[in-house]
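Novice: Handing you a structure now.
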Amino acid sequence: MPESVADAVATVLGSHRSYDPTLHCFEIMSLGFTEDEFQAAWRELDEPQIEGWELFTETMGVKIYRRYSQETGLYEYKVFGTLKTCGPEVCAEVYMDLAYRKQWDSYVKELTEKDYDGQSAIYWEVKYPFPLSNRDYVYVRARKDLDIEGRKIWVVLAKSSEVSQCPEKNGVIRVKDYKQSLAIEDDGDCGTKMFMNYFDNPGGMIPTWLVNWAAKSGVPGFLTDMQKACNKYESYCQNKK
């Protein structure tokens with residue numbers, strides 16, 4: 001059971017939706033994201049802001065830092081590392097492809113993008129192993145492809161959103177406090193250099209030690225699955241035609 005818990009918790013790191021390249025700045029702003037947030041995310045690739053953070057674990061070329069929140073009693077995480085077998089453009093597409101995620105992530109119970117009175121949002125239910133209740137999320141997300149002095153950098157921001165038209169389900173715990181940022185670029189070889197900042201409060205009766213353990217073991221596992229999905233993405237797209 002512990003490995004399943006780790007995967008279920010860590011899979012939240014890769015939640016996604018389809019990317020619309022025509023998304024304009026004013027539409028991004030309407031989702032509640034600012035230009036400063038996009039800029040701060042990519043700058044972590046060059047100058048990691050880890051003062052006040054502790055190194056939680058390092059494995060498979062990935063460093064995970066955490067910072068304790070007195071308010072929630074939980075940790076916020078920063079992840080720095082490299083995906084060695086896939087380039088950033090493919091990584092960005094896989095990360096955002098809603099339909100494809102359903103193919104390779106066995107912990108997706110439901111994942112769909114819907115329009116709620118003119119506001120697009122994503123509904124996502126994550127399978128948790130018995131006896132834990134499933135968790136679900138309603139959130140908004142935006143992606144920007146940046147050109148920073150000739151460097152192409154992909155940045156994705158996401159955060160929870162309250163949508164009255166999407167009521168909570170019986171037996172499923174709604175995660176109401178969730179945020180994530182991701183920045184990726186070419187690593188100069190054949191891979192992807194990445195930064196991720198992540199926090200969510202899963203609620204319910206999951207012991208803090210179990211959440212922390214899942215973050216330590218599940219994140220590297222998720223990145224491995226992500227690389228495998230990237231390697232199979234071209235074939236997946238061809239089969240859809």
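Each chain in the structure tokens gets a letter, A, B and so on, in the order shown; residues start at 1 in every chain, and ligands are counted from 1 in the order they appear.
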List every residue of segment 99-131 of chain A that has an atom at most 10 Å from any atom of segment 154-166 of chain A, and for each one report the closest atom pair and its distance in Å to one decimal, counting only C-alpha atoms, with rows sorted by chain and then by increasing residue number, as JSON lines.
Specialist:
{"residue": "A:Lys114", "atom": "CA", "partner": "A:Cys166", "partner_atom": "CA", "distance": 9.8}
{"residue": "A:Asp115", "atom": "CA", "partner": "A:Gln165", "partner_atom": "CA", "distance": 9.7}
{"residue": "A:Tyr116", "atom": "CA", "partner": "A:Gln165", "partner_atom": "CA", "distance": 6.6}
{"residue": "A:Asp117", "atom": "CA", "partner": "A:Gln165", "partner_atom": "CA", "distance": 8.4}
{"residue": "A:Gln119", "atom": "CA", "partner": "A:Val163", "partner_atom": "CA", "distance": 8.9}
{"residue": "A:Ser120", "atom": "CA", "partner": "A:Val163", "partner_atom": "CA", "distance": 9.9}
{"residue": "A:Ala121", "atom": "CA", "partner": "A:Ser161", "partner_atom": "CA", "distance": 7.8}
{"residue": "A:Ile122", "atom": "CA", "partner": "A:Ser161", "partner_atom": "CA", "distance": 9.2}
{"residue": "A:Tyr123", "atom": "CA", "partner": "A:Cys166", "partner_atom": "CA", "distance": 8.3}
Novice: Could you name the residues that touch Cys237 of chain A at 12 Å or less, counting only C-alpha atoms, but leaving out those on the same chain fewer than 4 positions away, as a list in words?
Specialist: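 Once the nearby chain positions are removed, what remains is Val90, Glu93, Val94, Asp97, Ala99, Tyr100, Gln103, Ala229, Cys230, Asn231, Lys232, Tyr233 and Lys241 of chain A.
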Novice: May I have the residues from that selection written out with N, CA, C and O atoms, as a CSV table (one decimal), in the first residue's frame?
Specialist:
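Listing of out12.csv after writing:
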chain,number,residue,atom,x,y,z
A,90,VAL,N,8.7,18.4,-26.1
A,90,VAL,CA,7.8,17.2,-26.0
A,90,VAL,C,7.4,17.1,-24.5
A,90,VAL,O,6.2,16.8,-24.3
A,93,GLU,N,4.4,19.4,-24.0
A,93,GLU,CA,3.2,18.9,-24.6
A,93,GLU,C,2.6,17.8,-23.8
A,93,GLU,O,1.4,17.7,-23.6
A,94,VAL,N,3.4,16.9,-23.4
A,94,VAL,CA,3.0,15.7,-22.6
A,94,VAL,C,2.4,16.2,-21.3
A,94,VAL,O,1.3,15.8,-20.9
A,97,ASP,N,-1.1,17.6,-22.1
A,97,ASP,CA,-2.1,16.9,-22.8
A,97,ASP,C,-3.0,16.1,-21.9
A,97,ASP,O,-2.7,15.1,-21.4
A,99,ALA,N,-5.9,14.3,-22.6
A,99,ALA,CA,-6.3,13.0,-23.0
A,99,ALA,C,-5.2,12.0,-22.8
A,99,ALA,O,-5.4,10.8,-22.4
A,100,TYR,N,-3.9,12.4,-23.1
A,100,TYR,CA,-2.8,11.5,-23.0
A,100,TYR,C,-2.6,11.1,-21.6
A,100,TYR,O,-2.2,9.9,-21.3
A,103,GLN,N,-4.1,8.1,-20.4
A,103,GLN,CA,-3.6,6.8,-21.0
A,103,GLN,C,-2.5,6.3,-20.1
A,103,GLN,O,-2.4,5.0,-20.0
A,229,ALA,N,6.4,8.4,-20.6
A,229,ALA,CA,5.3,9.0,-21.4
A,229,ALA,C,5.8,9.9,-22.6
A,229,ALA,O,5.3,9.8,-23.7
A,230,CYS,N,6.8,10.6,-22.3
A,230,CYS,CA,7.4,11.5,-23.3
A,230,CYS,C,8.0,10.6,-24.5
A,230,CYS,O,7.8,11.0,-25.7
A,231,ASN,N,8.6,9.6,-24.1
A,231,ASN,CA,9.2,8.7,-25.2
A,231,ASN,C,8.2,8.0,-26.0
A,231,ASN,O,8.5,7.7,-27.2
A,232,LYS,N,7.0,7.9,-25.5
A,232,LYS,CA,5.9,7.2,-26.3
A,232,LYS,C,4.9,8.2,-26.9
A,232,LYS,O,4.0,7.8,-27.6
A,233,TYR,N,5.2,9.5,-26.7
A,233,TYR,CA,4.2,10.5,-27.1
A,233,TYR,C,4.1,10.6,-28.7
A,233,TYR,O,2.9,10.7,-29.2
A,241,LYS,N,-4.3,9.9,-35.3
A,241,LYS,CA,-4.7,10.4,-36.6
A,241,LYS,C,-5.6,9.4,-37.4
A,241,LYS,O,-5.6,8.2,-37.2
Novice: Name all residues at most 9 Å from segment 175-183 of chain A (count only C-alpha atoms; drop same-chain ones fewer than 5 positions away) and give them as number ranges by chain.
Specialist: A: 13, 37-38, 41-45, 135-139, 153-162, 193-203
Novice: Using N, CA, C and O atoms, can you write the selected residues to a file as a short mmCIF file (atom, residue, chain, number, x, y, z; two decimals), in the first residue's frame?
Specialist:
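Just written: part24.cif:
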data_model
loop_
_atom_site.label_atom_id
_atom_site.label_comp_id
_atom_site.auth_asym_id
_atom_site.auth_seq_id
_atom_site.Cartn_x
_atom_site.Cartn_y
_atom_site.Cartn_z
N LEU A 13 1.47 16.23 -9.02
CA LEU A 13 2.48 17.11 -9.59
C LEU A 13 2.34 17.26 -11.09
O LEU A 13 2.81 18.24 -11.65
N GLU A 37 4.78 36.27 -11.65
CA GLU A 37 4.81 34.86 -11.27
C GLU A 37 5.50 34.02 -12.35
O GLU A 37 6.26 33.09 -12.03
N PHE A 38 5.23 34.32 -13.60
CA PHE A 38 5.90 33.60 -14.69
C PHE A 38 7.40 33.88 -14.67
O PHE A 38 8.22 32.97 -14.85
N ALA A 41 9.22 32.08 -11.81
CA ALA A 41 9.36 30.63 -12.01
C ALA A 41 10.59 30.32 -12.86
O ALA A 41 11.41 29.47 -12.48
N TRP A 42 10.74 30.97 -14.00
CA TRP A 42 11.87 30.61 -14.86
C TRP A 42 13.20 31.02 -14.24
O TRP A 42 14.22 30.36 -14.48
N ARG A 43 13.22 32.07 -13.45
CA ARG A 43 14.47 32.51 -12.84
C ARG A 43 15.02 31.49 -11.85
O ARG A 43 16.22 31.46 -11.56
N GLU A 44 14.14 30.64 -11.32
CA GLU A 44 14.61 29.58 -10.42
C GLU A 44 15.54 28.60 -11.15
O GLU A 44 16.35 27.92 -10.51
N LEU A 45 15.43 28.51 -12.47
CA LEU A 45 16.33 27.65 -13.23
C LEU A 45 17.77 28.14 -13.13
O LEU A 45 18.71 27.34 -13.14
N ARG A 135 -9.25 12.03 -3.64
CA ARG A 135 -9.21 13.49 -3.59
C ARG A 135 -9.61 14.04 -4.95
O ARG A 135 -9.34 13.42 -5.99
N ASP A 136 -10.26 15.20 -4.95
CA ASP A 136 -10.50 15.86 -6.23
C ASP A 136 -10.14 17.34 -6.14
O ASP A 136 -10.03 17.92 -5.06
N TYR A 137 -9.90 17.90 -7.31
CA TYR A 137 -9.41 19.27 -7.46
C TYR A 137 -10.25 20.00 -8.51
O TYR A 137 -10.66 19.40 -9.51
N VAL A 138 -10.46 21.27 -8.28
CA VAL A 138 -10.95 22.16 -9.33
C VAL A 138 -9.94 23.30 -9.40
O VAL A 138 -9.70 23.99 -8.41
N TYR A 139 -9.33 23.48 -10.57
CA TYR A 139 -8.25 24.45 -10.63
C TYR A 139 -8.15 25.08 -12.02
O TYR A 139 -8.71 24.58 -13.01
N ILE A 153 11.96 28.91 -22.94
CA ILE A 153 11.59 28.38 -21.63
C ILE A 153 10.07 28.26 -21.57
O ILE A 153 9.35 29.19 -21.94
N TRP A 154 9.61 27.12 -21.11
CA TRP A 154 8.18 26.88 -20.94
C TRP A 154 7.84 27.02 -19.45
O TRP A 154 8.49 26.42 -18.60
N VAL A 155 6.81 27.81 -19.16
CA VAL A 155 6.38 28.01 -17.77
C VAL A 155 4.88 27.70 -17.66
O VAL A 155 4.08 28.14 -18.49
N VAL A 156 4.53 26.93 -16.64
CA VAL A 156 3.13 26.58 -16.37
C VAL A 156 2.80 26.94 -14.93
O VAL A 156 3.56 26.59 -14.02
N LEU A 157 1.70 27.63 -14.73
CA LEU A 157 1.22 27.97 -13.40
C LEU A 157 -0.16 27.36 -13.20
O LEU A 157 -0.96 27.30 -14.13
N ALA A 158 -0.44 26.91 -11.98
CA ALA A 158 -1.74 26.34 -11.66
C ALA A 158 -2.10 26.66 -10.22
O ALA A 158 -1.22 26.79 -9.37
N LYS A 159 -3.39 26.76 -9.96
CA LYS A 159 -3.85 26.97 -8.58
C LYS A 159 -5.32 26.59 -8.47
O LYS A 159 -6.06 26.59 -9.45
N SER A 160 -5.72 26.26 -7.26
CA SER A 160 -7.10 25.87 -7.01
C SER A 160 -8.03 27.04 -7.24
O SER A 160 -7.66 28.21 -7.10
N SER A 161 -9.28 26.69 -7.61
CA SER A 161 -10.28 27.71 -7.90
C SER A 161 -11.63 27.24 -7.37
O SER A 161 -11.96 26.06 -7.48
N GLU A 162 -12.38 28.15 -6.82
CA GLU A 162 -13.70 27.81 -6.33
C GLU A 162 -14.72 27.97 -7.45
O GLU A 162 -14.85 29.04 -8.03
N LYS A 193 15.92 20.44 -18.42
CA LYS A 193 16.20 20.99 -17.10
C LYS A 193 14.89 21.52 -16.53
O LYS A 193 14.14 22.21 -17.23
N MET A 194 14.61 21.22 -15.28
CA MET A 194 13.30 21.56 -14.74
C MET A 194 13.37 22.15 -13.34
O MET A 194 14.27 21.87 -12.56
N PHE A 195 12.37 22.98 -13.05
CA PHE A 195 12.10 23.48 -11.70
C PHE A 195 10.61 23.36 -11.45
O PHE A 195 9.79 23.65 -12.33
N MET A 196 10.25 22.92 -10.25
CA MET A 196 8.84 22.83 -9.87
C MET A 196 8.66 23.29 -8.43
O MET A 196 9.46 22.94 -7.56
N ASN A 197 7.66 24.09 -8.20
CA ASN A 197 7.26 24.53 -6.86
C ASN A 197 5.85 24.01 -6.63
O ASN A 197 4.98 24.18 -7.49
N TYR A 198 5.62 23.39 -5.48
CA TYR A 198 4.35 22.69 -5.30
C TYR A 198 3.87 22.69 -3.86
O TYR A 198 4.65 22.51 -2.94
N PHE A 199 2.56 22.91 -3.70
CA PHE A 199 1.93 22.75 -2.39
C PHE A 199 0.48 22.35 -2.59
O PHE A 199 -0.22 22.88 -3.45
N ASP A 200 0.03 21.39 -1.80
CA ASP A 200 -1.41 21.20 -1.64
C ASP A 200 -1.69 20.64 -0.26
O ASP A 200 -0.83 20.04 0.38
N ASN A 201 -2.88 20.91 0.20
CA ASN A 201 -3.34 20.40 1.49
C ASN A 201 -4.40 19.34 1.20
O ASN A 201 -5.54 19.67 0.87
N PRO A 202 -4.04 18.05 1.31
CA PRO A 202 -4.96 16.99 0.91
C PRO A 202 -6.15 16.80 1.85
O PRO A 202 -7.10 16.11 1.50
N GLY A 203 -6.11 17.44 3.01
CA GLY A 203 -7.23 17.33 3.94
C GLY A 203 -7.41 15.90 4.45
O GLY A 203 -6.59 15.02 4.22
#
Novice: Extract, using only C-alpha atoms, all DNA, RNA and protein residues at most 6 Å from Trp53 of chain A, discarding same-chain residues fewer than 2 positions from it, and format them as a list in words.
Specialist: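 Neighbouring residues, sequence-local ones excluded: Ile50, Glu51, Arg66 and Arg67 of chain A.
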Novice: Please produce an output containing N, CA and C atoms for each residue in the selection, written as a PDB file, in the first residue's frame.
Specialist:
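Final output, saved to again34.pdb:
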ATOM      1  N   ILE A  50      16.394  29.168  -2.412  1.00  0.00           N
ATOM      2  CA  ILE A  50      16.226  28.108  -1.414  1.00  0.00           C
ATOM      3  C   ILE A  50      16.635  28.549  -0.011  1.00  0.00           C
ATOM      4  N   GLU A  51      16.849  29.833   0.188  1.00  0.00           N
ATOM      5  CA  GLU A  51      17.118  30.298   1.548  1.00  0.00           C
ATOM      6  C   GLU A  51      15.876  30.071   2.404  1.00  0.00           C
ATOM      7  N   ARG A  66      12.145  21.439   0.919  1.00  0.00           N
ATOM      8  CA  ARG A  66      10.845  21.673   1.530  1.00  0.00           C
ATOM      9  C   ARG A  66      10.928  22.802   2.541  1.00  0.00           C
ATOM     10  N   ARG A  67       9.759  23.404   2.799  1.00  0.00           N
ATOM     11  CA  ARG A  67       9.649  24.479   3.790  1.00  0.00           C
ATOM     12  C   ARG A  67       8.358  24.273   4.567  1.00  0.00           C
TER      13      ARG A  67
END
Novice: Find, counting only C-alpha atoms, the residue in A:Leu132, A:Met60, A:Ile184, A:Leu111 that gets nearest to Leu223 of chain A.
Specialist: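 Ranking A:Leu132, A:Met60, A:Ile184, A:Leu111 by distance to Leu223 of chain A, first place goes to A:Met60.
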Novice: Write out as an MDAnalysis selection string all residues of segment 9-181 of chain A that DSSP puts in strand (DSSP E) for this structure's backbone.
Specialist: chainID A and resid 54:59 62:68 75:83 108:116 119:126 134:148 151:160 172:175 178:181
